Structure formats: structure tokens, C-alpha cells
>>> print(open('start-v4.pdb').read())   # PDB, C-alpha atoms (C1' of nucleotides)
MODEL        1
ATOM      1  CA  MET A   1      23.850   1.468 -21.026  1.00  0.00           C
ATOM      2  CA  ILE A   2      22.621   5.014 -20.555  1.00  0.00           C
ATOM      3  CA  ASP A   3      19.169   4.878 -18.988  1.00  0.00           C
ATOM      4  CA  ALA A   4      17.726   1.960 -17.061  1.00  0.00           C
ATOM      5  CA  VAL A   5      14.288   0.673 -17.897  1.00  0.00           C
ATOM      6  CA  THR A   6      11.785   1.409 -15.157  1.00  0.00           C
ATOM      7  CA  ILE A   7       8.982  -0.752 -13.821  1.00  0.00           C
ATOM      8  CA  ARG A   8       6.526   1.875 -15.004  1.00  0.00           C
ATOM      9  CA  GLU A   9       7.874   1.666 -18.557  1.00  0.00           C
ATOM     10  CA  VAL A  10       7.485  -2.112 -18.605  1.00  0.00           C
ATOM     11  CA  LYS A  11       3.877  -1.815 -17.468  1.00  0.00           C
ATOM     12  CA  VAL A  12       3.170   0.762 -20.167  1.00  0.00           C
ATOM     13  CA  GLN A  13       4.783  -1.489 -22.736  1.00  0.00           C
ATOM     14  CA  LEU A  14       2.721  -4.462 -21.567  1.00  0.00           C
ATOM     15  CA  GLY A  15      -0.448  -2.410 -21.934  1.00  0.00           C
ATOM     16  CA  GLU A  16       0.508  -1.250 -25.407  1.00  0.00           C
ATOM     17  CA  LEU A  17       1.224  -4.804 -26.464  1.00  0.00           C
ATOM     18  CA  CYS A  18      -2.185  -5.916 -25.245  1.00  0.00           C
ATOM     19  CA  LYS A  19      -3.889  -3.087 -27.093  1.00  0.00           C
ATOM     20  CA  GLN A  20      -1.939  -3.805 -30.247  1.00  0.00           C
ATOM     21  CA  GLN A  21      -2.688  -7.517 -30.210  1.00  0.00           C
ATOM     22  CA  ARG A  22      -6.351  -6.865 -29.434  1.00  0.00           C
ATOM     23  CA  GLN A  23      -6.712  -4.446 -32.342  1.00  0.00           C
ATOM     24  CA  ARG A  24      -4.883  -6.913 -34.552  1.00  0.00           C
ATOM     25  CA  TYR A  25      -7.696  -9.354 -33.994  1.00  0.00           C
ATOM     26  CA  LYS A  26     -10.236  -6.528 -34.259  1.00  0.00           C
ATOM     27  CA  ILE A  27     -11.898  -7.176 -30.945  1.00  0.00           C
ATOM     28  CA  SER A  28     -13.065  -4.586 -28.421  1.00  0.00           C
ATOM     29  CA  GLN A  29     -11.994  -4.295 -24.788  1.00  0.00           C
ATOM     30  CA  GLU A  30     -15.436  -5.644 -23.925  1.00  0.00           C
ATOM     31  CA  ASP A  31     -14.956  -8.683 -26.178  1.00  0.00           C
ATOM     32  CA  LEU A  32     -11.545  -9.492 -24.715  1.00  0.00           C
ATOM     33  CA  ALA A  33     -12.818  -9.061 -21.177  1.00  0.00           C
ATOM     34  CA  GLN A  34     -15.720 -11.414 -21.707  1.00  0.00           C
ATOM     35  CA  GLU A  35     -13.597 -14.046 -23.404  1.00  0.00           C
ATOM     36  CA  LEU A  36     -11.194 -14.034 -20.456  1.00  0.00           C
ATOM     37  CA  GLY A  37     -13.823 -13.765 -17.728  1.00  0.00           C
ATOM     38  CA  LEU A  38     -12.590 -10.323 -16.741  1.00  0.00           C
ATOM     39  CA  SER A  39     -14.272  -6.952 -16.550  1.00  0.00           C
ATOM     40  CA  ARG A  40     -13.688  -4.311 -19.209  1.00  0.00           C
ATOM     41  CA  TYR A  41     -12.331  -2.028 -16.512  1.00  0.00           C
ATOM     42  CA  THR A  42      -9.537  -4.503 -15.784  1.00  0.00           C
ATOM     43  CA  ILE A  43      -8.542  -4.571 -19.453  1.00  0.00           C
ATOM     44  CA  GLN A  44      -8.864  -0.800 -19.609  1.00  0.00           C
ATOM     45  CA  LYS A  45      -6.520  -0.236 -16.690  1.00  0.00           C
ATOM     46  CA  PHE A  46      -4.011  -2.806 -17.880  1.00  0.00           C
ATOM     47  CA  GLU A  47      -3.816  -1.294 -21.359  1.00  0.00           C
ATOM     48  CA  ASN A  48      -3.172   2.088 -19.765  1.00  0.00           C
ATOM     49  CA  GLY A  49      -0.164   0.849 -17.831  1.00  0.00           C
ATOM     50  CA  LYS A  50      -1.753   0.435 -14.423  1.00  0.00           C
ATOM     51  CA  ASN A  51      -0.889  -2.300 -11.970  1.00  0.00           C
ATOM     52  CA  ALA A  52      -2.604  -5.673 -12.314  1.00  0.00           C
ATOM     53  CA  THR A  53      -2.368  -9.213 -11.020  1.00  0.00           C
ATOM     54  CA  LEU A  54      -0.214 -11.913 -12.531  1.00  0.00           C
ATOM     55  CA  ASP A  55      -3.317 -13.956 -13.317  1.00  0.00           C
ATOM     56  CA  THR A  56      -4.740 -11.109 -15.393  1.00  0.00           C
ATOM     57  CA  VAL A  57      -1.487 -10.637 -17.316  1.00  0.00           C
ATOM     58  CA  LEU A  58      -1.104 -14.353 -17.982  1.00  0.00           C
ATOM     59  CA  LYS A  59      -4.714 -14.737 -19.079  1.00  0.00           C
ATOM     60  CA  ILE A  60      -4.136 -12.029 -21.652  1.00  0.00           C
ATOM     61  CA  ALA A  61      -0.783 -13.482 -22.719  1.00  0.00           C
ATOM     62  CA  ASN A  62      -2.406 -16.893 -23.078  1.00  0.00           C
ATOM     63  CA  HIS A  63      -5.194 -15.461 -25.227  1.00  0.00           C
ATOM     64  CA  PHE A  64      -2.667 -14.101 -27.687  1.00  0.00           C
ATOM     65  CA  ASN A  65      -0.650 -17.348 -27.701  1.00  0.00           C
ATOM     66  CA  LEU A  66       2.314 -15.899 -25.858  1.00  0.00           C
ATOM     67  CA  LEU A  67       2.253 -18.206 -22.845  1.00  0.00           C
ATOM     68  CA  GLU A  68       4.397 -20.968 -24.325  1.00  0.00           C
ATOM     69  CA  LYS A  69       6.955 -18.423 -25.457  1.00  0.00           C
ATOM     70  CA  LEU A  70       7.056 -16.849 -22.012  1.00  0.00           C
ATOM     71  CA  TYR A  71       7.383 -20.233 -20.327  1.00  0.00           C
ATOM     72  CA  GLN A  72      10.325 -21.214 -22.493  1.00  0.00           C
ATOM     73  CA  ALA A  73      12.001 -17.869 -21.862  1.00  0.00           C
ATOM     74  CA  LEU A  74      11.714 -18.482 -18.134  1.00  0.00           C
ATOM     75  CA  LYS A  75      13.075 -22.001 -18.505  1.00  0.00           C
ATOM     76  CA  ASP A  76      16.013 -20.637 -20.463  1.00  0.00           C
ATOM     77  CA  LEU A  77      16.713 -18.049 -17.778  1.00  0.00           C
ATOM     78  CA  GLU A  78      16.706 -20.753 -15.129  1.00  0.00           C
ATOM     79  CA  ASN A  79      19.217 -22.799 -17.088  1.00  0.00           C
ATOM     80  CA  THR A  80      21.498 -19.813 -17.586  1.00  0.00           C
ATOM     81  CA  ASN A  81      23.591 -20.058 -14.459  1.00  0.00           C
ATOM     82  CA  ASP A  82      25.786 -17.093 -15.318  1.00  0.00           C
ATOM     83  CA  ILE A  83      23.825 -13.856 -15.410  1.00  0.00           C
ATOM     84  CA  ASN A  84      26.553 -12.139 -17.424  1.00  0.00           C
ATOM     85  CA  SER A  85      26.298 -14.642 -20.231  1.00  0.00           C
ATOM     86  CA  LEU A  86      23.057 -12.945 -21.193  1.00  0.00           C
ATOM     87  CA  TYR A  87      24.999 -10.036 -22.662  1.00  0.00           C
TER
ATOM     88  CA  MET B   1       2.583 -29.336 -29.818  1.00  0.00           C
ATOM     89  CA  ILE B   2       1.333 -31.949 -27.369  1.00  0.00           C
ATOM     90  CA  ASP B   3       0.464 -30.226 -24.125  1.00  0.00           C
ATOM     91  CA  ALA B   4      -0.249 -26.532 -23.705  1.00  0.00           C
ATOM     92  CA  VAL B   5       1.488 -24.600 -20.966  1.00  0.00           C
ATOM     93  CA  THR B   6      -0.921 -23.506 -18.261  1.00  0.00           C
ATOM     94  CA  ILE B   7      -1.061 -20.252 -16.335  1.00  0.00           C
ATOM     95  CA  ARG B   8      -0.385 -22.207 -13.168  1.00  0.00           C
ATOM     96  CA  GLU B   9       2.792 -23.692 -14.645  1.00  0.00           C
ATOM     97  CA  VAL B  10       4.076 -20.251 -15.596  1.00  0.00           C
ATOM     98  CA  LYS B  11       3.483 -18.980 -12.072  1.00  0.00           C
ATOM     99  CA  VAL B  12       5.301 -21.980 -10.616  1.00  0.00           C
ATOM    100  CA  GLN B  13       8.187 -21.390 -13.009  1.00  0.00           C
ATOM    101  CA  LEU B  14       8.337 -17.705 -12.072  1.00  0.00           C
ATOM    102  CA  GLY B  15       8.521 -18.657  -8.415  1.00  0.00           C
ATOM    103  CA  GLU B  16      11.266 -21.184  -9.020  1.00  0.00           C
ATOM    104  CA  LEU B  17      13.265 -18.639 -10.979  1.00  0.00           C
ATOM    105  CA  CYS B  18      12.985 -16.161  -8.124  1.00  0.00           C
ATOM    106  CA  LYS B  19      14.110 -18.759  -5.617  1.00  0.00           C
ATOM    107  CA  GLN B  20      16.986 -19.839  -7.809  1.00  0.00           C
ATOM    108  CA  GLN B  21      18.235 -16.296  -8.386  1.00  0.00           C
ATOM    109  CA  ARG B  22      17.856 -15.468  -4.714  1.00  0.00           C
ATOM    110  CA  GLN B  23      19.869 -18.502  -3.638  1.00  0.00           C
ATOM    111  CA  ARG B  24      22.440 -17.660  -6.297  1.00  0.00           C
ATOM    112  CA  TYR B  25      23.130 -14.428  -4.462  1.00  0.00           C
ATOM    113  CA  LYS B  26      22.883 -16.241  -1.125  1.00  0.00           C
ATOM    114  CA  ILE B  27      20.222 -14.010   0.342  1.00  0.00           C
ATOM    115  CA  SER B  28      17.226 -15.062   2.402  1.00  0.00           C
ATOM    116  CA  GLN B  29      13.587 -14.369   1.630  1.00  0.00           C
ATOM    117  CA  GLU B  30      13.731 -11.810   4.417  1.00  0.00           C
ATOM    118  CA  ASP B  31      16.719 -10.056   2.827  1.00  0.00           C
ATOM    119  CA  LEU B  32      15.071  -9.896  -0.580  1.00  0.00           C
ATOM    120  CA  ALA B  33      11.806  -8.651   0.894  1.00  0.00           C
ATOM    121  CA  GLN B  34      13.511  -5.841   2.774  1.00  0.00           C
ATOM    122  CA  GLU B  35      15.593  -4.769  -0.205  1.00  0.00           C
ATOM    123  CA  LEU B  36      12.452  -4.507  -2.327  1.00  0.00           C
ATOM    124  CA  GLY B  37      10.241  -2.959   0.331  1.00  0.00           C
ATOM    125  CA  LEU B  38       8.021  -6.033   0.412  1.00  0.00           C
ATOM    126  CA  SER B  39       7.028  -8.413   3.164  1.00  0.00           C
ATOM    127  CA  ARG B  40       8.613 -11.832   3.422  1.00  0.00           C
ATOM    128  CA  TYR B  41       5.174 -13.364   3.082  1.00  0.00           C
ATOM    129  CA  THR B  42       4.813 -11.804  -0.376  1.00  0.00           C
ATOM    130  CA  ILE B  43       8.120 -13.333  -1.485  1.00  0.00           C
ATOM    131  CA  GLN B  44       7.140 -16.611   0.125  1.00  0.00           C
ATOM    132  CA  LYS B  45       3.860 -16.826  -1.739  1.00  0.00           C
ATOM    133  CA  PHE B  46       5.384 -15.775  -5.041  1.00  0.00           C
ATOM    134  CA  GLU B  47       8.150 -18.388  -4.841  1.00  0.00           C
ATOM    135  CA  ASN B  48       5.490 -21.011  -4.202  1.00  0.00           C
ATOM    136  CA  GLY B  49       3.601 -20.193  -7.377  1.00  0.00           C
ATOM    137  CA  LYS B  50       0.785 -18.144  -5.898  1.00  0.00           C
ATOM    138  CA  ASN B  51      -0.798 -15.159  -7.569  1.00  0.00           C
ATOM    139  CA  ALA B  52       0.863 -11.753  -7.159  1.00  0.00           C
ATOM    140  CA  THR B  53       0.717  -8.254  -8.556  1.00  0.00           C
ATOM    141  CA  LEU B  54       2.662  -7.065 -11.575  1.00  0.00           C
ATOM    142  CA  ASP B  55       4.511  -4.562  -9.398  1.00  0.00           C
ATOM    143  CA  THR B  56       5.781  -7.351  -7.166  1.00  0.00           C
ATOM    144  CA  VAL B  57       6.935  -9.457 -10.119  1.00  0.00           C
ATOM    145  CA  LEU B  58       8.664  -6.529 -11.795  1.00  0.00           C
ATOM    146  CA  LYS B  59      10.371  -5.436  -8.587  1.00  0.00           C
ATOM    147  CA  ILE B  60      11.845  -8.921  -8.294  1.00  0.00           C
ATOM    148  CA  ALA B  61      12.782  -9.043 -11.972  1.00  0.00           C
ATOM    149  CA  ASN B  62      14.443  -5.654 -11.645  1.00  0.00           C
ATOM    150  CA  HIS B  63      16.437  -6.772  -8.621  1.00  0.00           C
ATOM    151  CA  PHE B  64      17.935  -9.632 -10.606  1.00  0.00           C
ATOM    152  CA  ASN B  65      18.649  -7.408 -13.617  1.00  0.00           C
ATOM    153  CA  LEU B  66      16.015  -8.977 -15.820  1.00  0.00           C
ATOM    154  CA  LEU B  67      13.924  -5.869 -16.454  1.00  0.00           C
ATOM    155  CA  GLU B  68      15.847  -4.626 -19.476  1.00  0.00           C
ATOM    156  CA  LYS B  69      15.710  -8.072 -21.022  1.00  0.00           C
ATOM    157  CA  LEU B  70      11.970  -8.286 -20.444  1.00  0.00           C
ATOM    158  CA  TYR B  71      11.413  -4.822 -21.857  1.00  0.00           C
ATOM    159  CA  GLN B  72      13.287  -5.630 -25.033  1.00  0.00           C
ATOM    160  CA  ALA B  73      11.382  -8.895 -25.425  1.00  0.00           C
ATOM    161  CA  LEU B  74       8.116  -6.951 -25.215  1.00  0.00           C
ATOM    162  CA  LYS B  75       9.364  -4.402 -27.735  1.00  0.00           C
ATOM    163  CA  ASP B  76      10.316  -7.203 -30.077  1.00  0.00           C
ATOM    164  CA  LEU B  77       6.891  -8.778 -29.754  1.00  0.00           C
ATOM    165  CA  GLU B  78       5.259  -5.465 -30.579  1.00  0.00           C
ATOM    166  CA  ASN B  79       7.340  -5.108 -33.696  1.00  0.00           C
ATOM    167  CA  THR B  80       6.542  -8.641 -34.811  1.00  0.00           C
ATOM    168  CA  ASN B  81       3.352  -8.022 -36.735  1.00  0.00           C
ATOM    169  CA  ASP B  82       2.936 -11.632 -37.784  1.00  0.00           C
ATOM    170  CA  ILE B  83       2.301 -13.918 -34.861  1.00  0.00           C
ATOM    171  CA  ASN B  84       3.279 -16.990 -36.884  1.00  0.00           C
ATOM    172  CA  SER B  85       6.729 -15.642 -37.611  1.00  0.00           C
ATOM    173  CA  LEU B  86       7.606 -16.460 -34.017  1.00  0.00           C
ATOM    174  CA  TYR B  87       7.832 -20.138 -34.900  1.00  0.00           C
TER
ATOM    175  C1'  DT C   1     -28.796  13.277 -39.896  1.00  0.00           C
ATOM    176  C1'  DT C   2     -29.766   9.348 -36.425  1.00  0.00           C
ATOM    177  C1'  DA C   3     -28.125   5.050 -34.447  1.00  0.00           C
ATOM    178  C1'  DT C   4     -24.566   1.998 -32.785  1.00  0.00           C
ATOM    179  C1'  DA C   5     -20.249   0.768 -30.957  1.00  0.00           C
ATOM    180  C1'  DT C   6     -16.068   1.756 -28.622  1.00  0.00           C
ATOM    181  C1'  DG C   7     -13.010   3.833 -25.326  1.00  0.00           C
ATOM    182  C1'  DG C   8     -12.275   6.741 -21.317  1.00  0.00           C
ATOM    183  C1'  DT C   9     -13.907   7.946 -16.705  1.00  0.00           C
ATOM    184  C1'  DT C  10     -16.429   7.903 -12.075  1.00  0.00           C
ATOM    185  C1'  DT C  11     -18.560   5.721  -7.944  1.00  0.00           C
ATOM    186  C1'  DA C  12     -19.549   2.013  -4.890  1.00  0.00           C
ATOM    187  C1'  DT C  13     -18.836  -2.680  -3.612  1.00  0.00           C
ATOM    188  C1'  DT C  14     -16.377  -7.130  -3.433  1.00  0.00           C
ATOM    189  C1'  DA C  15     -12.424 -10.060  -3.725  1.00  0.00           C
ATOM    190  C1'  DT C  16      -7.936 -10.706  -2.742  1.00  0.00           C
ATOM    191  C1'  DA C  17      -2.944  -9.377  -2.654  1.00  0.00           C
ATOM    192  C1'  DA C  18       0.010  -7.403   0.820  1.00  0.00           C
ATOM    193  C1'  DT C  19       1.193  -6.538   5.481  1.00  0.00           C
ATOM    194  C1'  DA C  20       2.399  -7.533  10.343  1.00  0.00           C
ATOM    195  C1'  DC C  21       2.465 -10.533  13.642  1.00  0.00           C
ATOM    196  C1'  DA C  22       3.413 -15.096  15.706  1.00  0.00           C
ATOM    197  C1'  DC C  23       5.029 -20.015  15.921  1.00  0.00           C
ATOM    198  C1'  DA C  24       6.682 -24.555  14.336  1.00  0.00           C
ATOM    199  C1'  DA C  25       9.570 -27.209  11.271  1.00  0.00           C
ATOM    200  C1'  DA C  26      13.507 -27.688   8.670  1.00  0.00           C
ATOM    201  C1'  DT C  27      18.243 -26.342   7.576  1.00  0.00           C
ATOM    202  C1'  DA C  28      22.560 -24.640   8.331  1.00  0.00           C
ATOM    203  C1'  DT C  29      26.297 -23.335  11.580  1.00  0.00           C
ATOM    204  C1'  DA C  30      28.946 -23.421  16.028  1.00  0.00           C
TER
ATOM    205  C1'  DT D   1      25.301 -32.177  20.129  1.00  0.00           C
ATOM    206  C1'  DA D   2      23.199 -27.365  20.761  1.00  0.00           C
ATOM    207  C1'  DT D   3      22.291 -22.840  18.546  1.00  0.00           C
ATOM    208  C1'  DA D   4      21.082 -19.855  15.032  1.00  0.00           C
ATOM    209  C1'  DT D   5      19.069 -19.135  10.647  1.00  0.00           C
ATOM    210  C1'  DT D   6      15.783 -19.894   7.259  1.00  0.00           C
ATOM    211  C1'  DT D   7      11.573 -21.480   5.584  1.00  0.00           C
ATOM    212  C1'  DG D   8       6.738 -22.792   5.830  1.00  0.00           C
ATOM    213  C1'  DT D   9       2.363 -21.827   7.845  1.00  0.00           C
ATOM    214  C1'  DG D  10      -1.571 -19.479  10.358  1.00  0.00           C
ATOM    215  C1'  DT D  11      -4.464 -15.402  11.702  1.00  0.00           C
ATOM    216  C1'  DA D  12      -6.065 -10.721  11.547  1.00  0.00           C
ATOM    217  C1'  DT D  13      -5.866  -6.311   9.345  1.00  0.00           C
ATOM    218  C1'  DT D  14      -4.998  -3.096   5.547  1.00  0.00           C
ATOM    219  C1'  DA D  15      -4.375  -1.814   0.848  1.00  0.00           C
ATOM    220  C1'  DT D  16      -5.755  -2.313  -3.563  1.00  0.00           C
ATOM    221  C1'  DA D  17      -7.009  -5.023  -7.782  1.00  0.00           C
ATOM    222  C1'  DA D  18     -11.342  -6.524  -9.747  1.00  0.00           C
ATOM    223  C1'  DT D  19     -16.178  -6.055 -10.395  1.00  0.00           C
ATOM    224  C1'  DA D  20     -20.617  -3.847 -11.682  1.00  0.00           C
ATOM    225  C1'  DA D  21     -23.079  -0.057 -13.003  1.00  0.00           C
ATOM    226  C1'  DA D  22     -23.551   4.037 -14.892  1.00  0.00           C
ATOM    227  C1'  DC D  23     -22.226   8.340 -17.975  1.00  0.00           C
ATOM    228  C1'  DC D  24     -20.038  11.015 -21.767  1.00  0.00           C
ATOM    229  C1'  DA D  25     -17.232  11.854 -25.986  1.00  0.00           C
ATOM    230  C1'  DT D  26     -15.822  10.170 -30.135  1.00  0.00           C
ATOM    231  C1'  DA D  27     -15.926   7.341 -34.014  1.00  0.00           C
ATOM    232  C1'  DT D  28     -18.300   4.399 -37.194  1.00  0.00           C
ATOM    233  C1'  DA D  29     -22.276   2.796 -39.700  1.00  0.00           C
ATOM    234  C1'  DA D  30     -27.101   2.993 -41.289  1.00  0.00           C
TER
ENDMDL
END
>>> encode(input="start-v4.pdb", output="C-alpha cells")
Amino acid sequence: MIDAVTIREVKVQLGELCKQQRQRYKISQEDLAQELGLSRYTIQKFENGKNATLDTVLKIANHFNLLEKLYQALKDLENTNDINSLY
Amino acid sequence: MIDAVTIREVKVQLGELCKQQRQRYKISQEDLAQELGLSRYTIQKFENGKNATLDTVLKIANHFNLLEKLYQALKDLENTNDINSLY
DNA sequence: TTATATGGTTTATTATAATACACAAATATA
DNA sequence: TATATTTGTGTATTATAATAAACCATATAA
């Protein structure tokens, strides 16, 4: 393990994933915002790696059908009582 | 697929995971808050499934060594160009 | 070319997450 | 038991995410 992942890098990656998924479905930032009841500026900032609220992130994840996957991943983590068994 | 996972359920699960990990290391909410430069109230609300900011969530994830895992999961999602191949 | 749509940016305002206190109720420890 | 620790809750304030509205540059389409 050379370099640790930073919080900033995760936020950038989250934004990129949103942008990628959005373009996959060929919808604009404005479209996505309206469908989620958010402003375009919120989508804009999130896609550019800025801070956001959990509700915003989960709304976006839900829109791209990633909520169930995330929920199961969290459940799995909770049932993994040894942190080292993840590696 | 009977019932869809809700955003609220994911937030509750996130809070439970935080609480579980924290108790695993036998530290109080106050301890965790101080180590992360957050207030105890922020930890308190997060563990009880309330809304929070991405920075708060990622700080907690990082403290319990879950950031790298999350980052890789996001990378994997980005490289999975077919959403249906996840199932 | 002229429109139209999209993404990036700015400003001002509103909503709310985060903070800093305090205090009571549980929970653990002596 | 009593004492200390931790957790849950409340209030007021501050910081900041979210909103709404413009504006411009670029790309795309007519």
C-alpha cells in the first residue's frame, strides 16, 4: 500500500461516476436535477467533486439504481466482525 | 425484488455501522468526534440516521479504514459500463 | 450562418448541517 | 449502593449546502 486514498479523491470519483452515469442515459444536469427535485447547481457542484449532503448523494445513487447495491455492501460490512478479513 | 431499499434505510444502516465500528474500538462518541475534528452532536445525529454531509461520512469511513474499499468500489462501478452486469 | 441546448460560473438568499453549550437519562464502574 | 461515564436531547449561533436567477462560452442542430 503506497499512497492512501484521500477524502478529496473519493469525492472527485463520486462526481465522475455521477457524470458518467448521467451521460450514459443521455440526460443533462438540468434533467437530472429536476427529476430528483434538486437544483442544477447542486448537481454541478457534486459532479465537480465538491462537498454535498448525504441526501443528495443517495438521491443520485438511487436514480442510477445503486442504492440496493450500496445497502447490501453496508450490511456486509456490518456482518464482517474482523476488519482484517477484508483483505 | 420485493421491496426497494429507501434512502432513509441506507442512512440508518450507515449510522448503525458507525456505531458498531466505534464500539468495536471501544471509543465514545466524544472520542470519535475529537479525533475527527467534529462535534459529538454531529456523530450523534449521524449514528441515529439523520442527514449529514459527505465530508462527515467520509471522515468517519476513513477513520475505520473503509475509504480505500469505497474508492475501489466506485472505480469498479465506473468501469462497469453495463448496469445489468451487476446482477 | 442563426438558433438551441448544455455546462461552467457568479451573486444573493434560504435552508439546514455543524457547532457549542447545557442538562437529564441511561449505562458502566468503583 | 454511590460515582463516573456515556448517551440522548434541547437551544442558540455559525458555517455552509442548496436554491434561484442570471450570464457567457462552447457545442450541437436547424
>>> closest_atom_pairs(input="start-v4.pdb", of="chain B", to="chain A", cutoff="9 Å", atoms="all atoms listed in the file", output="Markdown table")
| residue | atom | partner | partner_atom | distance |
| --- | --- | --- | --- | --- |
| B:Ala4 | CA | A:Glu68 | CA | 7.3 |
| B:Val5 | CA | A:Glu68 | CA | 5.7 |
| B:Thr6 | CA | A:Leu67 | CA | 7.7 |
| B:Ile7 | CA | A:Leu58 | CA | 6.1 |
| B:Arg8 | CA | A:Asp55 | CA | 8.8 |
| B:Glu9 | CA | A:Tyr71 | CA | 8.1 |
| B:Val10 | CA | A:Tyr71 | CA | 5.8 |
| B:Lys11 | CA | A:Leu54 | CA | 8.0 |
| B:Gln13 | CA | A:Leu74 | CA | 6.9 |
| B:Leu14 | CA | A:Leu74 | CA | 7.0 |
| B:Glu16 | CA | A:Glu78 | CA | 8.2 |
| B:Leu17 | CA | A:Glu78 | CA | 5.8 |
| B:Gln20 | CA | A:Glu78 | CA | 7.4 |
| B:Gln21 | CA | A:Glu78 | CA | 8.2 |
| B:Arg24 | CA | A:Asn81 | CA | 8.6 |
| B:Asn51 | CA | A:Leu54 | CA | 6.0 |
| B:Ala52 | CA | A:Leu54 | CA | 5.5 |
| B:Thr53 | CA | A:Thr53 | CA | 4.1 |
| B:Leu54 | CA | A:Ala52 | CA | 5.5 |
| B:Asp55 | CA | A:Asn51 | CA | 6.4 |
| B:Val57 | CA | A:Leu54 | CA | 7.9 |
| B:Leu58 | CA | A:Ile7 | CA | 6.1 |
| B:Lys59 | CA | A:Ile7 | CA | 7.2 |
| B:Asn62 | CA | A:Ile7 | CA | 7.7 |
| B:Phe64 | CA | A:Ile83 | CA | 8.7 |
| B:Asn65 | CA | A:Ile83 | CA | 8.5 |
| B:Leu67 | CA | A:Val5 | CA | 6.7 |
| B:Glu68 | CA | A:Val5 | CA | 5.7 |
| B:Lys69 | CA | A:Leu86 | CA | 8.8 |
| B:Leu70 | CA | A:Val10 | CA | 7.8 |
| B:Tyr71 | CA | A:Val10 | CA | 5.8 |
| B:Leu74 | CA | A:Gln13 | CA | 6.9 |
| B:Lys75 | CA | A:Gln13 | CA | 7.4 |
| B:Leu77 | CA | A:Leu17 | CA | 7.7 |
| B:Glu78 | CA | A:Leu17 | CA | 5.8 |
| B:Asn81 | CA | A:Arg24 | CA | 8.6 |
| B:Ile83 | CA | A:Asn65 | CA | 8.5 |
| B:Leu86 | CA | A:Lys69 | CA | 8.8 |
>>> axis_aligned_box(input="start-v4.pdb", around="stretch 62-72 of chain A", padding_each_side="8 Å", output="lines of an AutoDock Vina configuration file")
center_x = 2.6
center_y = -17.7
center_z = -24.0
size_x = 31.5
size_y = 23.1
size_z = 23.4
>>> residues_around(input="start-v4.pdb", residues="stretch 4-16 of chain C", least_positions_apart="2", cutoff="9 Å", atoms="all atoms listed in the file", output="ChimeraX atom specification")
/A:28-30,44 /D:16-30
>>> closest_residue(input="start-v4.pdb", among="B:Arg22, B:His63, B:Tyr41, B:Asp76", to="C:DA18", atoms="all atoms listed in the file")
B:Tyr41
>>> interface_residues(input="start-v4.pdb", of="chain C", to="chain B", cutoff="9 Å", atoms="all atoms listed in the file", output="list in words")
DA17, DA18, DT19 and DA20 of chain C
>>> closest_residue(input="start-v4.pdb", among="A:Lys19, A:Ile60, A:Ala33, A:Thr80", to="chain D", atoms="all atoms listed in the file")
A:Ala33
>>> atom_distance(input="start-v4.pdb", atom1="atom C1' of C:DA22", atom2="atom CA of B:Lys26")
25.8 Å
>>> residues_around(input="start-v4.pdb", residues="A:Gly49", least_positions_apart="2", cutoff="7 Å", atoms="all atoms listed in the file", output="MDAnalysis selection string")
chainID A and resid 11:12 15 45:47 51
>>> write_last_selection(input="start-v4.pdb", atoms="C-alpha atoms", output="PDB file, in the coordinates of the input")
ATOM      1  CA  LYS A  11       3.877  -1.815 -17.468  1.00  0.00           C
ATOM      2  CA  VAL A  12       3.170   0.762 -20.167  1.00  0.00           C
ATOM      3  CA  GLY A  15      -0.448  -2.410 -21.934  1.00  0.00           C
ATOM      4  CA  LYS A  45      -6.520  -0.236 -16.690  1.00  0.00           C
ATOM      5  CA  PHE A  46      -4.011  -2.806 -17.880  1.00  0.00           C
ATOM      6  CA  GLU A  47      -3.816  -1.294 -21.359  1.00  0.00           C
ATOM      7  CA  ASN A  51      -0.889  -2.300 -11.970  1.00  0.00           C
TER       8      ASN A  51
END
>>> atom_distance(input="start-v4.pdb", atom1="atom CA of A:Leu32", atom2="atom C1' of D:DA15")
27.6 Å
>>> atom_distance(input="start-v4.pdb", atom1="atom CA of B:Leu36", atom2="atom C1' of C:DC23")
25.1 Å
>>> interface_residues(input="start-v4.pdb", of="chain D", to="chain B", cutoff="12 Å", atoms="only C-alpha atoms (C1' of nucleotides)", output="ChimeraX atom specification")
/D:5-10,16-17
